[in-house]
$ cat my_file.cif   # mmCIF, C-alpha atoms
data_model
loop_
_atom_site.label_atom_id
_atom_site.label_comp_id
_atom_site.auth_asym_id
_atom_site.auth_seq_id
_atom_site.Cartn_x
_atom_site.Cartn_y
_atom_site.Cartn_z
CA MET I 1466 3.28 15.85 -15.26
CA LEU I 1467 3.14 12.85 -17.55
CA LYS I 1468 -0.38 11.93 -18.66
CA HIS I 1469 -1.74 8.61 -19.91
CA SER I 1470 -4.91 7.98 -21.88
CA PHE I 1471 -7.78 6.00 -20.42
CA GLN I 1472 -10.76 5.88 -22.75
CA ASP I 1473 -11.60 9.57 -23.31
CA LEU I 1474 -9.67 10.81 -20.27
CA GLN I 1475 -6.13 12.02 -19.69
CA LEU I 1476 -5.04 10.77 -16.29
CA SER I 1477 -1.93 11.89 -14.47
CA ALA I 1478 0.64 9.08 -14.51
CA LEU I 1479 1.13 9.71 -10.76
CA GLY I 1480 -1.90 9.38 -8.52
CA PHE I 1481 -2.18 10.54 -4.91
CA GLY I 1482 -3.04 7.56 -2.70
CA ALA I 1483 -4.71 8.48 0.60
CA MET I 1484 -3.85 5.40 2.64
CA ARG I 1485 -0.88 7.05 4.39
CA LEU I 1486 -1.84 10.71 4.77
CA PRO I 1487 0.18 13.06 6.99
CA VAL I 1488 -0.77 12.87 10.66
CA LEU I 1489 -0.24 15.19 13.60
CA LYS I 1490 3.03 14.77 15.47
CA ASP I 1491 1.30 14.34 18.83
CA GLY I 1492 0.97 10.59 18.35
CA SER I 1493 -2.84 10.74 18.06
CA GLY I 1494 -2.91 9.46 14.49
CA VAL I 1495 -5.24 12.33 13.52
CA ILE I 1496 -4.82 13.49 9.92
CA ASP I 1497 -2.91 16.76 9.61
CA VAL I 1498 -5.38 18.62 7.41
CA THR I 1499 -3.14 21.67 7.04
CA GLU I 1500 -0.34 19.56 5.61
CA LEU I 1501 -2.85 17.62 3.50
CA ASP I 1502 -4.13 20.87 1.98
CA ARG I 1503 -0.56 21.85 1.12
CA MET I 1504 -0.02 18.49 -0.55
CA VAL I 1505 -3.28 18.68 -2.52
CA ASP I 1506 -2.42 22.23 -3.61
CA THR I 1507 0.99 21.06 -4.80
CA ALA I 1508 -0.48 18.01 -6.51
CA ILE I 1509 -3.07 19.94 -8.49
CA ALA I 1510 -0.61 22.71 -9.38
CA SER I 1511 1.76 20.06 -10.78
CA GLY I 1512 -0.92 18.33 -12.89
CA ILE I 1513 -1.88 15.42 -10.63
CA ASN I 1514 -5.58 14.84 -11.20
CA TYR I 1515 -6.16 11.33 -9.79
CA PHE I 1516 -6.88 10.91 -6.07
CA ASP I 1517 -7.56 7.55 -4.41
CA THR I 1518 -9.12 6.76 -1.04
CA ALA I 1519 -11.00 3.86 0.53
CA TYR I 1520 -13.59 3.04 3.19
CA PRO I 1521 -11.15 1.76 5.88
CA TYR I 1522 -8.22 4.15 5.34
CA HIS I 1523 -7.28 6.10 8.47
CA GLU I 1524 -10.13 4.39 10.33
CA GLY I 1525 -12.66 5.90 7.94
CA ASN I 1526 -11.31 9.45 8.08
CA SER I 1527 -9.36 9.46 4.82
CA GLU I 1528 -12.52 9.89 2.73
CA ILE I 1529 -13.64 12.86 4.82
CA ALA I 1530 -10.28 14.65 4.85
CA LEU I 1531 -9.46 14.11 1.19
CA GLY I 1532 -12.96 15.05 0.02
CA LYS I 1533 -12.89 18.26 2.04
CA SER I 1534 -9.44 19.21 0.75
CA LEU I 1535 -10.39 18.56 -2.87
CA SER I 1536 -13.66 20.52 -2.51
CA ARG I 1537 -11.61 23.72 -2.62
CA TYR I 1538 -11.18 23.12 -6.36
CA PRO I 1539 -13.77 22.84 -9.15
CA ARG I 1540 -15.16 19.30 -9.31
CA GLU I 1541 -14.30 18.86 -12.98
CA THR I 1542 -10.58 19.45 -12.32
CA TRP I 1543 -9.94 16.22 -10.39
CA TYR I 1544 -10.86 12.54 -10.46
CA LEU I 1545 -11.77 10.75 -7.24
CA ALA I 1546 -11.53 6.99 -6.69
CA ASP I 1547 -13.12 5.16 -3.76
CA LYS I 1548 -13.64 1.48 -2.94
CA PHE I 1549 -16.30 -0.93 -1.70
CA PRO I 1550 -14.91 -2.94 1.26
CA GLY I 1551 -16.17 -6.39 0.27
CA HIS I 1552 -12.97 -7.88 1.66
CA GLN I 1553 -14.13 -6.87 5.15
CA ASN I 1554 -17.27 -9.00 5.02
CA VAL I 1555 -17.32 -11.55 7.86
CA PRO I 1556 -18.51 -15.07 6.91
CA GLY I 1557 -21.59 -16.09 8.84
CA VAL I 1558 -22.62 -12.46 9.43
CA THR I 1559 -25.19 -10.53 7.38
CA PRO I 1560 -23.40 -9.49 4.16
CA LEU I 1561 -22.37 -5.88 3.71
CA ASP I 1562 -25.03 -3.61 2.26
CA PRO I 1563 -23.59 -2.00 -0.92
CA GLU I 1564 -26.22 0.75 -0.95
CA GLU I 1565 -25.69 1.74 2.68
CA ILE I 1566 -21.91 1.93 2.27
CA PHE I 1567 -21.98 3.67 -1.11
CA GLU I 1568 -24.37 6.39 0.06
CA LYS I 1569 -22.26 6.92 3.16
CA GLN I 1570 -19.09 7.23 1.06
CA LEU I 1571 -20.61 9.85 -1.23
CA LYS I 1572 -21.64 11.87 1.82
CA LYS I 1573 -18.27 11.53 3.54
CA CYS I 1574 -16.40 12.61 0.41
CA GLY I 1575 -18.87 15.44 -0.26
CA VAL I 1576 -19.45 14.43 -3.88
CA GLU I 1577 -22.41 13.39 -6.04
CA TYR I 1578 -20.47 10.78 -8.00
CA PHE I 1579 -17.20 8.87 -8.05
CA ASP I 1580 -15.08 9.07 -11.17
CA PHE I 1581 -13.60 5.66 -10.35
CA TYR I 1582 -15.04 3.05 -8.00
CA LEU I 1583 -13.37 -0.24 -7.12
CA LEU I 1584 -14.26 -3.54 -5.50
CA HIS I 1585 -11.59 -3.46 -2.81
CA ASN I 1586 -8.99 -6.19 -2.32
CA VAL I 1587 -10.15 -9.16 -4.34
CA ASN I 1588 -8.20 -12.13 -2.99
CA GLU I 1589 -8.62 -15.80 -2.18
CA ASN I 1590 -10.30 -14.94 1.13
CA SER I 1591 -12.61 -12.18 -0.11
CA LEU I 1592 -13.79 -14.34 -3.02
CA ARG I 1593 -16.13 -15.91 -0.47
CA TYR I 1594 -18.02 -12.61 -0.72
CA TYR I 1595 -17.15 -11.39 -4.20
CA GLY I 1596 -17.64 -14.84 -5.71
CA ASN I 1597 -21.15 -15.26 -4.27
CA PRO I 1598 -23.77 -14.01 -6.78
CA ASP I 1599 -26.41 -13.96 -4.02
CA ASN I 1600 -24.76 -10.83 -2.60
CA ARG I 1601 -25.83 -8.90 -5.72
CA PHE I 1602 -23.26 -6.14 -5.19
CA MET I 1603 -22.46 -6.05 -8.89
CA ASP I 1604 -26.09 -5.43 -9.83
CA TYR I 1605 -26.15 -2.45 -7.50
CA PHE I 1606 -22.92 -0.90 -8.72
CA LEU I 1607 -23.79 -1.38 -12.38
CA LYS I 1608 -27.05 0.45 -11.68
CA GLN I 1609 -25.10 3.31 -10.09
CA LYS I 1610 -22.97 3.42 -13.19
CA GLU I 1611 -26.09 3.71 -15.37
CA LEU I 1612 -27.19 6.61 -13.17
CA GLY I 1613 -23.82 8.36 -13.58
CA ARG I 1614 -22.94 8.06 -9.90
CA ILE I 1615 -20.03 5.81 -10.86
CA ARG I 1616 -18.22 6.85 -14.02
CA HIS I 1617 -15.78 3.91 -14.21
CA LEU I 1618 -15.98 0.61 -12.34
CA GLY I 1619 -12.94 -1.52 -11.52
CA PHE I 1620 -11.30 -3.55 -8.76
CA SER I 1621 -8.14 -3.84 -6.72
CA CYS I 1622 -6.54 -7.25 -6.43
CA HIS I 1623 -4.05 -9.02 -4.16
CA ALA I 1624 -4.97 -12.49 -5.42
CA ALA I 1625 -2.64 -15.03 -6.98
CA PRO I 1626 -2.95 -15.42 -10.77
CA ASP I 1627 -5.33 -18.39 -10.63
CA ALA I 1628 -7.74 -16.59 -8.28
CA LEU I 1629 -7.54 -13.48 -10.45
CA GLU I 1630 -8.56 -15.58 -13.46
CA LYS I 1631 -11.46 -17.05 -11.47
CA PHE I 1632 -12.69 -13.57 -10.58
CA LEU I 1633 -12.34 -12.32 -14.16
CA ALA I 1634 -14.40 -15.28 -15.38
CA LEU I 1635 -17.23 -13.96 -13.19
CA TYR I 1636 -17.01 -10.21 -13.73
CA GLY I 1637 -14.25 -9.40 -16.21
CA LYS I 1638 -16.64 -8.06 -18.84
CA GLN I 1639 -18.21 -5.53 -16.45
CA LEU I 1640 -14.96 -4.09 -15.08
CA GLU I 1641 -12.83 -1.44 -16.76
CA PHE I 1642 -9.54 -1.37 -14.85
CA CYS I 1643 -7.60 -3.26 -12.18
CA GLN I 1644 -5.27 -2.02 -9.46
CA ILE I 1645 -2.56 -4.49 -8.42
CA GLN I 1646 0.50 -4.49 -6.20
CA LEU I 1647 3.31 -3.96 -8.66
CA ASN I 1648 6.97 -3.21 -8.11
CA TYR I 1649 10.29 -4.79 -9.05
CA VAL I 1650 10.25 -7.11 -6.04
CA ASP I 1651 6.72 -8.42 -6.52
CA TRP I 1652 7.27 -8.81 -10.26
CA THR I 1653 8.67 -12.20 -9.33
CA LEU I 1654 7.96 -12.62 -5.59
CA GLN I 1655 4.17 -12.35 -6.07
CA ASP I 1656 4.21 -13.23 -9.77
CA ALA I 1657 2.88 -9.79 -10.70
CA LYS I 1658 4.28 -10.39 -14.19
CA THR I 1659 1.70 -13.12 -14.78
CA LYS I 1660 -1.07 -10.93 -13.36
CA VAL I 1661 -0.19 -8.14 -15.79
CA GLU I 1662 -0.25 -10.62 -18.66
CA ILE I 1663 -3.67 -11.95 -17.58
CA LEU I 1664 -5.14 -8.45 -17.31
CA ARG I 1665 -3.77 -7.26 -20.62
CA ALA I 1666 -5.06 -10.40 -22.35
CA ALA I 1667 -8.49 -9.51 -20.93
CA GLY I 1668 -8.14 -5.94 -22.20
CA ILE I 1669 -8.11 -4.45 -18.69
CA PRO I 1670 -5.75 -1.50 -18.05
CA VAL I 1671 -3.39 -1.78 -15.09
CA TRP I 1672 -3.21 0.62 -12.14
CA VAL I 1673 -0.34 0.25 -9.65
CA MET I 1674 -0.43 0.25 -5.85
CA GLU I 1675 2.54 -0.23 -3.53
CA PRO I 1676 5.11 0.95 -6.12
CA VAL I 1677 7.74 1.36 -3.37
CA ARG I 1678 6.32 -1.49 -1.29
CA GLY I 1679 5.24 0.47 1.74
CA GLY I 1680 8.60 2.28 1.82
CA ARG I 1681 10.73 -0.87 1.55
CA LEU I 1682 12.12 0.34 -1.81
CA ALA I 1683 12.72 3.89 -0.59
CA ALA I 1684 15.96 3.31 1.32
CA PHE I 1685 18.79 0.76 1.28
CA ASP I 1686 22.21 0.19 2.75
CA GLU I 1687 24.93 2.74 1.99
CA GLU I 1688 26.65 0.54 -0.59
CA THR I 1689 23.49 0.00 -2.64
CA GLU I 1690 22.49 3.66 -2.51
CA ALA I 1691 26.02 4.65 -3.60
CA LYS I 1692 25.67 2.43 -6.67
CA MET I 1693 22.35 4.06 -7.49
CA ARG I 1694 23.79 7.56 -7.13
CA ALA I 1695 26.68 6.63 -9.41
CA PHE I 1696 24.20 5.85 -12.18
CA ARG I 1697 21.72 8.64 -11.43
CA PRO I 1698 23.22 11.35 -9.21
CA ASP I 1699 20.20 13.63 -9.60
CA GLU I 1700 17.54 11.10 -8.64
CA SER I 1701 16.38 9.72 -5.30
CA VAL I 1702 16.27 6.06 -4.30
CA PRO I 1703 12.44 5.86 -4.55
CA ALA I 1704 12.66 7.23 -8.10
CA TRP I 1705 14.28 3.96 -9.18
CA ALA I 1706 11.08 2.07 -8.36
CA PHE I 1707 9.06 4.46 -10.51
CA ARG I 1708 11.62 4.35 -13.33
CA TRP I 1709 11.40 0.54 -13.29
CA LEU I 1710 7.64 0.85 -13.77
CA GLN I 1711 8.25 3.18 -16.74
CA THR I 1712 10.69 0.65 -18.19
CA VAL I 1713 9.00 -2.74 -17.78
CA PRO I 1714 5.21 -2.94 -17.16
CA LYS I 1715 4.31 0.65 -18.15
CA PRO I 1716 0.96 0.97 -16.31
CA THR I 1717 -1.70 3.64 -16.80
CA VAL I 1718 -1.67 5.11 -13.28
CA VAL I 1719 0.83 4.69 -10.44
CA LEU I 1720 -0.56 5.40 -6.98
CA SER I 1721 1.83 6.60 -4.33
CA GLY I 1722 0.76 6.83 -0.69
CA MET I 1723 2.68 10.03 0.01
CA SER I 1724 2.83 11.09 3.65
CA ASN I 1725 4.51 14.49 3.41
CA LEU I 1726 5.17 17.31 0.99
CA GLN I 1727 8.79 16.33 0.42
CA GLN I 1728 7.79 12.87 -0.83
CA MET I 1729 5.24 14.44 -3.14
CA GLN I 1730 7.71 16.94 -4.58
CA ASP I 1731 10.24 14.20 -5.23
CA ASN I 1732 7.64 12.05 -6.98
CA ILE I 1733 6.38 14.97 -9.05
CA LYS I 1734 9.93 15.55 -10.23
CA THR I 1735 10.21 11.88 -11.22
CA PHE I 1736 6.93 11.92 -13.13
CA SER I 1737 7.76 15.08 -15.06
CA GLU I 1738 9.43 12.89 -17.71
CA GLU I 1739 10.12 9.30 -18.63
CA LYS I 1740 13.69 8.13 -18.05
CA PRO I 1741 13.67 4.33 -18.50
CA LEU I 1742 16.38 2.25 -16.89
CA THR I 1743 19.34 0.99 -18.91
CA GLU I 1744 20.40 -2.65 -19.05
CA GLU I 1745 23.11 -1.94 -16.47
CA GLU I 1746 20.60 -0.26 -14.18
CA LEU I 1747 18.17 -3.16 -14.57
CA ALA I 1748 20.98 -5.49 -13.51
CA LEU I 1749 21.39 -3.44 -10.31
CA ILE I 1750 17.63 -3.70 -9.71
CA ALA I 1751 17.90 -7.48 -10.06
CA GLU I 1752 20.64 -7.48 -7.42
CA VAL I 1753 18.54 -5.39 -5.04
CA ARG I 1754 15.51 -7.60 -5.63
CA ALA I 1755 17.46 -10.73 -4.77
CA ASN I 1756 18.46 -9.23 -1.41
CA ILE I 1757 15.01 -7.88 -0.51
CA ALA I 1758 13.10 -11.01 -1.45
CA ARG I 1759 14.58 -12.75 1.57
CA LEU I 1760 12.70 -10.41 3.93
CA ILE I 1761 9.10 -10.72 5.12
CA PRO I 1762 7.04 -9.02 2.37
CA CYS I 1763 4.80 -6.94 4.67
CA THR I 1764 3.52 -3.63 3.22
CA GLY I 1765 1.85 -2.35 6.39
CA CYS I 1766 -1.70 -2.48 5.00
CA ARG I 1767 -2.95 -3.58 8.44
CA TYR I 1768 -5.65 -5.94 7.14
CA CYS I 1769 -4.22 -8.48 9.60
CA CYS I 1770 -4.94 -6.33 12.64
CA ALA I 1771 -8.73 -6.11 12.44
CA GLY I 1772 -9.38 -9.71 13.44
CA CYS I 1773 -6.46 -10.32 15.80
CA PRO I 1774 -7.93 -11.53 19.13
CA MET I 1775 -4.81 -10.31 20.95
CA GLU I 1776 -4.96 -6.90 19.23
CA LEU I 1777 -1.31 -7.08 18.21
CA ASP I 1778 0.28 -4.41 16.03
CA ILE I 1779 1.38 -7.06 13.55
CA PRO I 1780 2.95 -4.78 10.89
CA LYS I 1781 5.13 -3.16 13.55
CA LEU I 1782 6.25 -6.57 14.80
CA LEU I 1783 7.01 -7.82 11.29
CA SER I 1784 8.93 -4.63 10.58
CA MET I 1785 11.07 -5.36 13.63
CA ALA I 1786 11.60 -8.91 12.39
CA ASN I 1787 12.91 -7.52 9.09
CA ASP I 1788 15.11 -5.03 10.90
CA MET I 1789 16.60 -7.85 12.94
CA ALA I 1790 17.14 -9.89 9.78
CA VAL I 1791 19.22 -7.10 8.28
CA THR I 1792 21.14 -6.29 11.44
CA LYS I 1793 20.51 -7.17 15.07
CA SER I 1794 20.34 -3.51 16.04
CA PHE I 1795 20.08 -2.56 19.70
CA ASN I 1796 17.65 0.15 18.54
CA THR I 1797 15.25 -2.55 17.35
CA VAL I 1798 15.66 -4.42 20.63
CA ALA I 1799 14.90 -1.17 22.43
CA ARG I 1800 11.74 -0.57 20.42
CA TYR I 1801 10.63 -4.12 21.07
CA SER I 1802 11.32 -3.94 24.79
CA VAL I 1803 8.96 -1.02 25.35
CA ILE I 1804 5.98 -2.81 23.83
CA GLU I 1805 3.60 -3.54 26.68
CA ASP I 1806 3.16 -7.03 28.05
CA GLY I 1807 0.69 -9.10 26.06
CA LYS I 1808 1.38 -7.17 22.84
CA ARG I 1809 4.76 -8.63 21.88
CA ALA I 1810 5.26 -11.44 19.40
CA ASP I 1811 5.10 -14.12 22.09
CA ALA I 1812 1.45 -13.17 22.73
CA CYS I 1813 0.38 -14.64 19.38
CA ILE I 1814 -1.94 -17.63 19.96
CA GLY I 1815 -1.54 -18.96 16.41
CA CYS I 1816 -5.23 -18.68 15.41
CA GLY I 1817 -4.26 -17.87 11.81
CA GLN I 1818 -6.80 -15.05 11.31
CA CYS I 1819 -3.96 -12.71 10.32
CA ALA I 1820 -2.58 -15.12 7.72
CA ARG I 1821 -6.00 -15.54 6.12
CA ALA I 1822 -6.42 -11.76 5.86
CA CYS I 1823 -2.90 -11.05 4.56
CA PRO I 1824 -2.76 -9.95 0.89
CA GLN I 1825 0.94 -10.94 0.86
CA LYS I 1826 0.21 -14.55 1.88
CA ILE I 1827 2.56 -14.23 4.86
CA ASN I 1828 2.45 -17.02 7.44
CA VAL I 1829 2.17 -14.43 10.18
CA PRO I 1830 1.99 -16.76 13.22
CA GLU I 1831 5.16 -18.51 12.08
CA GLU I 1832 7.00 -15.22 11.61
CA LEU I 1833 5.83 -13.94 15.00
CA HIS I 1834 6.99 -17.17 16.63
CA LYS I 1835 10.42 -16.72 15.02
CA LEU I 1836 10.57 -13.13 16.21
CA ALA I 1837 9.61 -14.12 19.75
CA GLU I 1838 12.38 -16.72 19.85
CA LEU I 1839 14.90 -14.31 18.35
CA MET I 1840 14.08 -11.55 20.85
CA ALA I 1841 14.15 -13.99 23.77
CA ALA I 1842 17.74 -14.81 22.82
CA GLN I 1843 18.80 -11.16 22.78
CA LYS I 1844 20.19 -9.24 25.71
CA SER I 1845 17.56 -7.19 27.45
CA TRP I 1846 17.47 -3.44 26.92
CA ASP I 1847 18.55 -2.98 30.54
CA GLU I 1848 21.58 -5.20 29.95
CA ILE I 1849 22.50 -3.28 26.82
CA CYS I 1850 22.24 0.04 28.63
CA ARG I 1851 24.33 -1.25 31.52
CA GLU I 1852 27.05 -2.55 29.19
CA ARG I 1853 27.14 0.76 27.33
CA ALA I 1854 27.42 2.69 30.57
CA GLU I 1855 30.26 0.44 31.74
CA ALA I 1856 32.04 0.83 28.39
CA ALA I 1857 31.68 4.61 28.59
CA ALA I 1858 33.11 4.60 32.14
CA ARG I 1859 36.10 2.50 31.03
CA LEU I 1860 36.72 4.84 28.10
CA LYS I 1861 36.57 7.84 30.43
CA LYS I 1862 39.17 6.30 32.77
CA GLY I 1863 41.44 5.85 29.77
#
$ encode --input "my_file.cif" --output "C-alpha cells"
Amino acid sequence: MLKHSFQDLQLSALGFGAMRLPVLKDGSGVIDVTELDRMVDTAIASGINYFDTAYPYHEGNSEIALGKSLSRYPRETWYLADKFPGHQNVPGVTPLDPEEIFEKQLKKCGVEYFDFYLLHNVNENSLRYYGNPDNRFMDYFLKQKELGRIRHLGFSCHAAPDALEKFLALYGKQLEFCQIQLNYVDWTLQDAKTKVEILRAAGIPVWVMEPVRGGRLAAFDEETEAKMRAFRPDESVPAWAFRWLQTVPKPTVVLSGMSNLQQMQDNIKTFSEEKPLTEEELALIAEVRANIARLIPCTGCRYCCAGCPMELDIPKLLSMANDMAVTKSFNTVARYSVIEDGKRADACIGCGQCARACPQKINVPEELHKLAELMAAQKSWDEICRERAEAAARLKKG
C-alpha cells in the first residue's frame, strides 16, 4: 500500500470511506456487518490505515458499525475520521450543539479521541452556520484539540472557489487539511483545479472524496472500455480515475466509498504502486470527460432528500434521467413505472429546497421537470410489454 506523509504520520494513500457500506440483500438498508468485518480485515491486512465516517451516513449507523469493526484491532493501528454536521443546521432553529454531537459521536464510535475531525460540507448554504462566529463551534473544537480528543482538525468542502476563499479567510489558520470532491470530470466541471490551487497556496493538504464520482467513472460504454483495456489490459475501469489522481493533482489521501470486498481488492491492487497516465491516456480521459460532463452531475450524496416536502428519492430520479440521456432504455422506463404515485418526478412542487442543499449546484426542480416530461412522452411499461409479447408471437409463427 502506498503511503503519504502528513506531518509526523504515514497515511495510506487509499482511505476507506464509510458512506456506502455493504448492506443486507433483503432491501432493509441495514449494514451487513459480516461483510464489513471482512472488508476491514482486508483493508488493515493490506496497509489501509485511514477510515472515514460521518454523523449522517447510513442514517447514523455508519459510525456505530465502523467503530465496532475497527475495535477488533489495537487503537494505535488505525486512524479514524469523523465529521461535525454543521451543514445540517436549519436556519431559524436553535443552532446545533457541538458538544452534544461530539460526545455522542465518540460514544457511537467507541473511541476516546478522533485522529481526524472535519467540519462537514462547507458550501454556500452551510456558510450561514459556519460563517457565523456566534455559533462558537470552532472554539469548542479547538479546545477538544488541546485536550487531545481531536488530533487533527480539518473540513470537507463542496463550495465554489470564491466561497472556499471566504471560509479560509475566517478559519484557514486553524485547519490542517481539506477534503474536496476531486476527479477528472470535476477538475473542470466544478473547477476543482482552482480549489486545489487555493488550498495549496494556503498550505493546506488535499484529501479526495468522490474519486469515481459515486460510481459514474466506474463503467462506460463498450467502445470506451475497449479503448481503456487496449492501453491497460490488467487494470479495471475505476483504476483509471485513481491513476489520474496520481498523475495530475497528487493528493495526500484518496477516500473510496467501497461497498463490497471486490471493489476493495481492486482498489488495493491499484494503490499498491503508482502508474501515472501517459499523454495518450490523458487524451482518452479528456474524451471521456467531454462525454460525461453533459450528464447531470449527481453523486448520490442524498443531502437533497432530507428537506424534500414530497419525500422524493431525488438521486434515484436523477440517475434515471441520466440513463435516459444515454439511451432511452425500456429497463429505465420499467424502473420508473413502478415508483408509487406521488413519488415520481411529476410530484416535484418546485420549492427549491433540494437545489439549495445540493453540493453539485444542480437545478434539481428543473431536471425533475424535464424527466417528468420525458417519461410522459414514453410508452407505458404495459404498452412495451404488450408489444414485446406480440413481437414474440409473430416470431414464433415464423
$ closest_residue --input "my_file.cif" --among "I:Glu1738, I:Glu1528, I:Asp1506, I:Glu1500" --to "I:Met1484" --atoms "all atoms listed in the file"
I:Glu1528
$ resolve_selection --input "my_file.cif" --expression "the PyMOL selection byres ((chain I and resi 1518) around 9)" --output "list in words"
Phe1481, Gly1482, Ala1483, Met1484, Phe1516, Asp1517, Ala1519, Tyr1520, Pro1521, Tyr1522, Ser1527, Glu1528, Leu1531, Leu1545, Ala1546, Asp1547 and Lys1548 of chain I
$ atom_distance --input "my_file.cif" --atom1 "atom CA of I:Glu1568" --atom2 "atom CA of I:Tyr1595"
19.7 Å
$ atom_distance --input "my_file.cif" --atom1 "atom CA of I:Glu1805" --atom2 "atom CA of I:Ile1761"
23.4 Å
$ atom_distance --input "my_file.cif" --atom1 "atom CA of I:Ser1591" --atom2 "atom CA of I:Ala1822"
8.6 Å
$ residues_near_point --input "my_file.cif" --point "(-7.5, -3.7, -7.4)" --cutoff "6 Å" --atoms "all atoms listed in the file" --output "list in words"
Asn1586, Phe1620, Ser1621, Cys1622, Cys1643, Gln1644 and Ile1645 of chain I
